[in-house]
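Structure below is upload.pdb: PDB, C-alpha atoms.
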```pdb
ATOM      1  CA  MET J 408       8.974  16.074  -6.790  1.00  0.00           C
ATOM      2  CA  LEU J 409       6.898  12.940  -7.087  1.00  0.00           C
ATOM      3  CA  LEU J 410       3.464  13.376  -5.506  1.00  0.00           C
ATOM      4  CA  ILE J 411       1.552  10.089  -5.315  1.00  0.00           C
ATOM      5  CA  PRO J 412      -2.230  10.374  -4.840  1.00  0.00           C
ATOM      6  CA  GLY J 413      -3.595   7.704  -2.508  1.00  0.00           C
ATOM      7  CA  LEU J 414      -7.034   6.306  -3.281  1.00  0.00           C
ATOM      8  CA  GLU J 415      -9.094   3.700  -1.446  1.00  0.00           C
ATOM      9  CA  LEU J 416     -11.019   1.143  -3.500  1.00  0.00           C
ATOM     10  CA  ARG J 417     -14.258  -0.319  -2.140  1.00  0.00           C
ATOM     11  CA  ASN J 418     -16.584  -2.435  -4.246  1.00  0.00           C
ATOM     12  CA  GLY J 419     -15.064  -1.202  -7.500  1.00  0.00           C
ATOM     13  CA  VAL J 420     -15.236   2.520  -6.714  1.00  0.00           C
ATOM     14  CA  ILE J 421     -13.091   5.112  -4.953  1.00  0.00           C
ATOM     15  CA  ALA J 422     -14.268   5.679  -1.367  1.00  0.00           C
ATOM     16  CA  TYR J 423     -13.494   9.175  -0.128  1.00  0.00           C
ATOM     17  CA  PRO J 424     -14.342  10.722   3.272  1.00  0.00           C
ATOM     18  CA  ASN J 425     -17.324  13.051   3.025  1.00  0.00           C
ATOM     19  CA  PRO J 426     -16.013  16.575   3.754  1.00  0.00           C
ATOM     20  CA  LYS J 427     -19.403  17.469   5.278  1.00  0.00           C
ATOM     21  CA  HIS J 428     -18.874  14.933   8.107  1.00  0.00           C
ATOM     22  CA  ASP J 429     -22.293  13.443   7.388  1.00  0.00           C
ATOM     23  CA  GLU J 430     -22.981  10.578   9.807  1.00  0.00           C
ATOM     24  CA  LYS J 431     -25.510   9.010   7.399  1.00  0.00           C
ATOM     25  CA  ASP J 432     -23.097   9.150   4.469  1.00  0.00           C
ATOM     26  CA  PRO J 433     -19.537   9.200   5.859  1.00  0.00           C
ATOM     27  CA  LEU J 434     -18.091   8.306   2.445  1.00  0.00           C
ATOM     28  CA  ILE J 435     -18.468   9.674  -1.059  1.00  0.00           C
ATOM     29  CA  TYR J 436     -18.126   7.170  -3.879  1.00  0.00           C
ATOM     30  CA  LEU J 437     -16.311   8.210  -7.066  1.00  0.00           C
ATOM     31  CA  ASP J 438     -15.744   6.527 -10.416  1.00  0.00           C
ATOM     32  CA  PRO J 439     -12.129   5.280 -10.463  1.00  0.00           C
ATOM     33  CA  ARG J 440     -11.552   6.039 -14.143  1.00  0.00           C
ATOM     34  CA  GLU J 441     -12.823   9.620 -13.891  1.00  0.00           C
ATOM     35  CA  THR J 442     -10.942  10.226 -10.631  1.00  0.00           C
ATOM     36  CA  VAL J 443      -7.639   8.900 -11.961  1.00  0.00           C
ATOM     37  CA  GLN J 444      -8.138  10.863 -15.194  1.00  0.00           C
ATOM     38  CA  ARG J 445      -8.329  14.066 -13.128  1.00  0.00           C
ATOM     39  CA  PHE J 446      -5.063  13.199 -11.372  1.00  0.00           C
ATOM     40  CA  VAL J 447      -3.354  12.314 -14.665  1.00  0.00           C
ATOM     41  CA  ASP J 448      -4.596  15.568 -16.207  1.00  0.00           C
ATOM     42  CA  ALA J 449      -3.054  17.380 -13.214  1.00  0.00           C
ATOM     43  CA  GLY J 450       0.307  15.710 -13.883  1.00  0.00           C
ATOM     44  CA  ALA J 451       0.247  12.567 -11.734  1.00  0.00           C
ATOM     45  CA  THR J 452       2.556   9.820 -13.029  1.00  0.00           C
ATOM     46  CA  ARG J 453       1.908   7.334 -10.217  1.00  0.00           C
ATOM     47  CA  ILE J 454      -1.055   6.448  -8.009  1.00  0.00           C
ATOM     48  CA  HIS J 455      -1.368   4.464  -4.792  1.00  0.00           C
ATOM     49  CA  LEU J 456      -4.455   2.227  -4.593  1.00  0.00           C
ATOM     50  CA  ILE J 457      -5.609   0.585  -1.382  1.00  0.00           C
ATOM     51  CA  ASP J 458      -7.783  -2.484  -1.923  1.00  0.00           C
ATOM     52  CA  ALA J 459      -9.885  -2.003   1.216  1.00  0.00           C
ATOM     53  CA  ASP J 460     -12.050  -5.002   0.292  1.00  0.00           C
ATOM     54  CA  GLY J 461      -8.969  -7.182  -0.181  1.00  0.00           C
ATOM     55  CA  ALA J 462      -7.803  -6.149   3.280  1.00  0.00           C
ATOM     56  CA  THR J 463     -11.022  -7.508   4.814  1.00  0.00           C
ATOM     57  CA  HIS J 464     -11.442 -10.550   2.539  1.00  0.00           C
ATOM     58  CA  THR J 465      -8.991 -13.354   1.902  1.00  0.00           C
ATOM     59  CA  GLU J 466      -8.286 -12.552  -1.753  1.00  0.00           C
ATOM     60  CA  PRO J 467      -7.545  -9.461  -3.866  1.00  0.00           C
ATOM     61  CA  TYR J 468     -10.916  -7.915  -4.639  1.00  0.00           C
ATOM     62  CA  ASN J 469     -10.633  -4.918  -6.971  1.00  0.00           C
ATOM     63  CA  THR J 470      -8.397  -6.434  -9.640  1.00  0.00           C
ATOM     64  CA  GLY J 471     -10.828  -5.447 -12.403  1.00  0.00           C
ATOM     65  CA  VAL J 472     -10.388  -1.776 -11.533  1.00  0.00           C
ATOM     66  CA  VAL J 473      -6.602  -2.025 -11.836  1.00  0.00           C
ATOM     67  CA  GLU J 474      -6.900  -3.928 -15.101  1.00  0.00           C
ATOM     68  CA  SER J 475      -9.209  -1.227 -16.475  1.00  0.00           C
ATOM     69  CA  LEU J 476      -6.928   1.599 -15.302  1.00  0.00           C
ATOM     70  CA  ARG J 477      -3.908  -0.103 -16.888  1.00  0.00           C
ATOM     71  CA  LYS J 478      -5.687  -0.196 -20.253  1.00  0.00           C
ATOM     72  CA  LEU J 479      -6.839   3.432 -20.013  1.00  0.00           C
ATOM     73  CA  PHE J 480      -3.538   4.817 -18.672  1.00  0.00           C
ATOM     74  CA  PRO J 481      -0.692   2.649 -20.019  1.00  0.00           C
ATOM     75  CA  GLN J 482       2.037   5.087 -18.906  1.00  0.00           C
ATOM     76  CA  LEU J 483       0.697   5.522 -15.362  1.00  0.00           C
ATOM     77  CA  GLN J 484       2.560   3.743 -12.583  1.00  0.00           C
ATOM     78  CA  ILE J 485       0.060   1.963 -10.345  1.00  0.00           C
ATOM     79  CA  GLU J 486       0.991   0.732  -6.886  1.00  0.00           C
ATOM     80  CA  VAL J 487      -1.436  -1.492  -4.986  1.00  0.00           C
ATOM     81  CA  THR J 488      -1.702  -2.532  -1.361  1.00  0.00           C
ATOM     82  CA  GLY J 489      -4.307  -4.081   0.907  1.00  0.00           C
ATOM     83  CA  GLY J 490      -4.766  -7.669   1.972  1.00  0.00           C
ATOM     84  CA  ILE J 491      -1.799  -9.138   0.117  1.00  0.00           C
ATOM     85  CA  ARG J 492      -1.374 -12.248   2.224  1.00  0.00           C
ATOM     86  CA  LYS J 493       0.753 -14.450  -0.002  1.00  0.00           C
ATOM     87  CA  ARG J 494       2.977 -14.456  -3.043  1.00  0.00           C
ATOM     88  CA  GLU J 495       0.122 -15.474  -5.350  1.00  0.00           C
ATOM     89  CA  HIS J 496      -1.770 -12.317  -4.379  1.00  0.00           C
ATOM     90  CA  ALA J 497       1.211 -10.133  -5.308  1.00  0.00           C
ATOM     91  CA  GLU J 498       1.555 -11.980  -8.608  1.00  0.00           C
ATOM     92  CA  MET J 499      -2.157 -11.548  -9.331  1.00  0.00           C
ATOM     93  CA  TRP J 500      -1.858  -7.762  -8.949  1.00  0.00           C
ATOM     94  CA  LEU J 501       1.203  -7.658 -11.184  1.00  0.00           C
ATOM     95  CA  ASP J 502      -0.583  -9.810 -13.779  1.00  0.00           C
ATOM     96  CA  VAL J 503      -3.572  -7.428 -13.993  1.00  0.00           C
ATOM     97  CA  GLY J 504      -1.383  -4.368 -14.447  1.00  0.00           C
ATOM     98  CA  ALA J 505       0.008  -3.082 -11.165  1.00  0.00           C
ATOM     99  CA  THR J 506       3.474  -1.612 -11.566  1.00  0.00           C
ATOM    100  CA  TYR J 507       4.260  -2.094  -7.873  1.00  0.00           C
ATOM    101  CA  VAL J 508       2.789  -4.207  -5.093  1.00  0.00           C
ATOM    102  CA  ILE J 509       3.202  -3.113  -1.492  1.00  0.00           C
ATOM    103  CA  VAL J 510       3.216  -6.061   0.894  1.00  0.00           C
ATOM    104  CA  GLY J 511       2.473  -5.601   4.567  1.00  0.00           C
ATOM    105  CA  TRP J 512       2.432  -7.491   7.804  1.00  0.00           C
ATOM    106  CA  LYS J 513       0.286 -10.389   6.575  1.00  0.00           C
ATOM    107  CA  MET J 514       2.890 -11.399   4.006  1.00  0.00           C
ATOM    108  CA  LEU J 515       5.819 -10.319   6.176  1.00  0.00           C
ATOM    109  CA  ARG J 516       4.988 -13.109   8.617  1.00  0.00           C
ATOM    110  CA  ASN J 517       6.853 -15.249   6.102  1.00  0.00           C
ATOM    111  CA  PRO J 518      10.024 -13.216   5.412  1.00  0.00           C
ATOM    112  CA  GLU J 519      11.506 -15.871   3.111  1.00  0.00           C
ATOM    113  CA  THR J 520       8.546 -15.584   0.738  1.00  0.00           C
ATOM    114  CA  THR J 521       8.801 -11.799   0.809  1.00  0.00           C
ATOM    115  CA  VAL J 522      12.507 -11.844  -0.011  1.00  0.00           C
ATOM    116  CA  GLU J 523      11.961 -14.437  -2.762  1.00  0.00           C
ATOM    117  CA  SER J 524       9.192 -12.297  -4.277  1.00  0.00           C
ATOM    118  CA  CYS J 525      11.451  -9.231  -4.222  1.00  0.00           C
ATOM    119  CA  ALA J 526      14.165 -11.237  -5.980  1.00  0.00           C
ATOM    120  CA  GLU J 527      11.786 -12.568  -8.628  1.00  0.00           C
ATOM    121  CA  TYR J 528      10.184  -9.161  -9.243  1.00  0.00           C
ATOM    122  CA  PRO J 529      13.028  -6.689  -8.621  1.00  0.00           C
ATOM    123  CA  HIS J 530      11.922  -3.109  -7.973  1.00  0.00           C
ATOM    124  CA  ARG J 531       8.250  -4.134  -8.192  1.00  0.00           C
ATOM    125  CA  ILE J 532       7.635  -5.483  -4.677  1.00  0.00           C
ATOM    126  CA  ILE J 533       7.711  -2.848  -1.944  1.00  0.00           C
ATOM    127  CA  VAL J 534       7.843  -3.879   1.715  1.00  0.00           C
ATOM    128  CA  SER J 535       5.564  -1.883   4.008  1.00  0.00           C
ATOM    129  CA  LEU J 536       6.647  -1.373   7.600  1.00  0.00           C
ATOM    130  CA  GLU J 537       4.197   0.181  10.025  1.00  0.00           C
ATOM    131  CA  GLY J 538       5.845   1.480  13.155  1.00  0.00           C
ATOM    132  CA  ASN J 539       5.011   3.231  16.367  1.00  0.00           C
ATOM    133  CA  ASN J 540       7.902   5.342  17.603  1.00  0.00           C
ATOM    134  CA  GLY J 541      10.221   3.373  15.343  1.00  0.00           C
ATOM    135  CA  ARG J 542       9.063  -0.064  16.553  1.00  0.00           C
ATOM    136  CA  VAL J 543       7.379  -2.496  14.131  1.00  0.00           C
ATOM    137  CA  GLN J 544       5.122  -5.301  15.358  1.00  0.00           C
ATOM    138  CA  THR J 545       6.339  -8.463  13.634  1.00  0.00           C
ATOM    139  CA  SER J 546       4.063 -10.952  15.421  1.00  0.00           C
ATOM    140  CA  ALA J 547       1.362 -10.946  18.081  1.00  0.00           C
ATOM    141  CA  ASP J 548       3.853 -10.401  20.880  1.00  0.00           C
ATOM    142  CA  GLN J 549       7.101  -9.395  19.175  1.00  0.00           C
ATOM    143  CA  PHE J 550       8.400  -5.998  18.089  1.00  0.00           C
ATOM    144  CA  SER J 551      11.489  -5.058  16.074  1.00  0.00           C
ATOM    145  CA  ASP J 552      13.344  -1.820  15.614  1.00  0.00           C
ATOM    146  CA  ALA J 553      12.247  -0.330  12.259  1.00  0.00           C
ATOM    147  CA  ILE J 554      15.788   0.687  11.319  1.00  0.00           C
ATOM    148  CA  GLU J 555      17.227  -2.759  12.079  1.00  0.00           C
ATOM    149  CA  LEU J 556      14.364  -4.430  10.197  1.00  0.00           C
ATOM    150  CA  ALA J 557      14.853  -2.153   7.169  1.00  0.00           C
ATOM    151  CA  HIS J 558      18.600  -2.886   7.127  1.00  0.00           C
ATOM    152  CA  ARG J 559      17.968  -6.623   7.412  1.00  0.00           C
ATOM    153  CA  TYR J 560      15.501  -6.556   4.507  1.00  0.00           C
ATOM    154  CA  SER J 561      17.929  -4.457   2.469  1.00  0.00           C
ATOM    155  CA  GLU J 562      20.719  -6.974   3.059  1.00  0.00           C
ATOM    156  CA  GLU J 563      18.361  -9.720   1.855  1.00  0.00           C
ATOM    157  CA  GLY J 564      17.614  -7.915  -1.423  1.00  0.00           C
ATOM    158  CA  VAL J 565      14.613  -5.698  -0.675  1.00  0.00           C
ATOM    159  CA  ASN J 566      15.196  -2.349  -2.376  1.00  0.00           C
ATOM    160  CA  GLN J 567      12.055  -0.373  -1.520  1.00  0.00           C
ATOM    161  CA  ILE J 568      10.355   0.205   1.812  1.00  0.00           C
ATOM    162  CA  PHE J 569       7.098   2.053   2.407  1.00  0.00           C
ATOM    163  CA  TYR J 570       7.243   3.281   6.014  1.00  0.00           C
ATOM    164  CA  THR J 571       4.240   4.535   7.962  1.00  0.00           C
ATOM    165  CA  GLU J 572       4.452   5.881  11.496  1.00  0.00           C
ATOM    166  CA  LEU J 573       1.214   4.920  13.256  1.00  0.00           C
ATOM    167  CA  HIS J 574      -0.208   6.108  16.547  1.00  0.00           C
ATOM    168  CA  ALA J 575      -3.126   5.002  18.690  1.00  0.00           C
ATOM    169  CA  ALA J 576      -6.529   6.417  17.794  1.00  0.00           C
ATOM    170  CA  GLY J 577      -6.915   9.890  19.270  1.00  0.00           C
ATOM    171  CA  GLU J 578      -3.206  10.255  19.975  1.00  0.00           C
ATOM    172  CA  ARG J 579      -2.092  13.700  18.844  1.00  0.00           C
ATOM    173  CA  THR J 580       1.650  13.301  18.521  1.00  0.00           C
ATOM    174  CA  ASP J 581       3.561  14.346  15.437  1.00  0.00           C
ATOM    175  CA  PRO J 582       4.588  11.213  13.455  1.00  0.00           C
ATOM    176  CA  LEU J 583       7.238  13.031  11.418  1.00  0.00           C
ATOM    177  CA  PRO J 584      10.145  13.026  13.914  1.00  0.00           C
ATOM    178  CA  ALA J 585      10.098   9.233  14.342  1.00  0.00           C
ATOM    179  CA  ALA J 586       9.605   8.671  10.596  1.00  0.00           C
ATOM    180  CA  ALA J 587      12.446  11.103   9.825  1.00  0.00           C
ATOM    181  CA  VAL J 588      14.823   9.124  12.046  1.00  0.00           C
ATOM    182  CA  VAL J 589      13.952   5.923  10.193  1.00  0.00           C
ATOM    183  CA  ALA J 590      14.369   7.649   6.802  1.00  0.00           C
ATOM    184  CA  LYS J 591      17.696   9.202   7.733  1.00  0.00           C
ATOM    185  CA  GLN J 592      19.201   5.950   9.050  1.00  0.00           C
ATOM    186  CA  THR J 593      18.119   3.611   6.259  1.00  0.00           C
TER     187      THR J 593
END
```

Using structure tokens, write down the structure that the file contains.
Amino acid sequence: MLLIPGLELRNGVIAYPNPKHDEKDPLIYLDPRETVQRFVDAGATRIHLIDADGATHTEPYNTGVVESLRKLFPQLQIEVTGGIRKREHAEMWLDVGATYVIVGWKMLRNPETTVESCAEYPHRIIVSLEGNNGRVQTSADQFSDAIELAHRYSEEGVNQIFYTELHAAGERTDPLPAAAVVAKQT
């Protein structure tokens, strides 16, 4: 089984929710190199990094961290997501050492660019679809069926999809049944 640790990068460090639920300090900040070393020592072969700063800014932000991790862990597969708005952003992550780049709704607004990027970097660009009950918002007022969208991307050359089933804040429904339907039919 492949278990992929997910880590959030903020200002060059790993931001982790404080288990003590401290309102003054809701996050704990960890050194990325030490944290990834612990995962590698435990057997991790791939990590998932979320560039939280890149998601709020207009450019990739934590590229130096990925570059450093690539040098320290040359065999580790590194996937990056967060704020990848255009092809140049995806290329920048690949250039600094990401093995995979996960592109989301900001880049998906231009499906031709996404498909072209997947063709140019086969098996390295992963399309992220975020759904709610199997429906993916593709523009401000338009929704598509996740299964149909996944099939359409597959027909256009996309070979990896990262699917997340989202719910409204506070909603306590199990996301697995809807995600399982998407997984089974794609």

Subject >> J:Gly504, J:Gly564, J:Gly490, J:Pro412 ranked by distance to J:Glu474, top pick (using all atoms listed in the file) >> reply: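 Using all atoms listed in the file, the shortest distance to J:Glu474 belongs to J:Gly504.
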
Apply the PyMOL selection byres ((chain J and resi 521) around 9) to the structure shown and report the selected residues as an mmCIF file with C-alpha atoms, in the coordinates of the input.
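Writing the result to selection28.cif gives the following:
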```
data_model
loop_
_atom_site.group_PDB
_atom_site.id
_atom_site.type_symbol
_atom_site.label_atom_id
_atom_site.label_comp_id
_atom_site.auth_asym_id
_atom_site.auth_seq_id
_atom_site.Cartn_x
_atom_site.Cartn_y
_atom_site.Cartn_z
ATOM 1 C CA LYS J 493 0.753 -14.450 -0.002
ATOM 2 C CA ARG J 494 2.977 -14.456 -3.043
ATOM 3 C CA VAL J 510 3.216 -6.061 0.894
ATOM 4 C CA MET J 514 2.890 -11.399 4.006
ATOM 5 C CA LEU J 515 5.819 -10.319 6.176
ATOM 6 C CA ARG J 516 4.988 -13.109 8.617
ATOM 7 C CA ASN J 517 6.853 -15.249 6.102
ATOM 8 C CA PRO J 518 10.024 -13.216 5.412
ATOM 9 C CA GLU J 519 11.506 -15.871 3.111
ATOM 10 C CA THR J 520 8.546 -15.584 0.738
ATOM 11 C CA VAL J 522 12.507 -11.844 -0.011
ATOM 12 C CA GLU J 523 11.961 -14.437 -2.762
ATOM 13 C CA SER J 524 9.192 -12.297 -4.277
ATOM 14 C CA CYS J 525 11.451 -9.231 -4.222
ATOM 15 C CA ALA J 526 14.165 -11.237 -5.980
ATOM 16 C CA ILE J 532 7.635 -5.483 -4.677
ATOM 17 C CA VAL J 534 7.843 -3.879 1.715
ATOM 18 C CA VAL J 565 14.613 -5.698 -0.675
#
```

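Across the chains present, the PyMOL selection byres ((chain J and resi 589-592) around 12) applied to this file returns Leu536, Glu537, Gly538, Asn539, Asn540, Gly541, Arg542, Val543, Asp552, Ala553, Ile554, Glu555, Leu556, Ala557, His558, Gln567, Ile568, Phe569, Tyr570, Thr571, Glu572, Pro582, Leu583, Pro584, Ala585, Ala586, Ala587, Val588 and Thr593 of chain J.
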
**OP:** Work out how far atom CA of J:Ala547 is from atom CA of J:Leu456, in Å to one decimal.
**Re:**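 These atoms are spaced 26.9 Å apart.
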
Subject >> Result set of the PyMOL selection byres ((chain J and resi 465-473) around 10) on the coordinates above, as a ChimeraX atom specification >> reply: /J:416-421,438-440,456-464,474-479,485-493,495-497,499-505

**OP:** Determine, counting only C-alpha atoms, which protein, DNA and RNA residues have an atom within 12 Å of an atom of J:Gly450; residues of the same chain fewer than 3 positions away are not included. Present the result as number ranges by chain.
**Re:** J: 408-412, 443-447, 453-454, 482-483
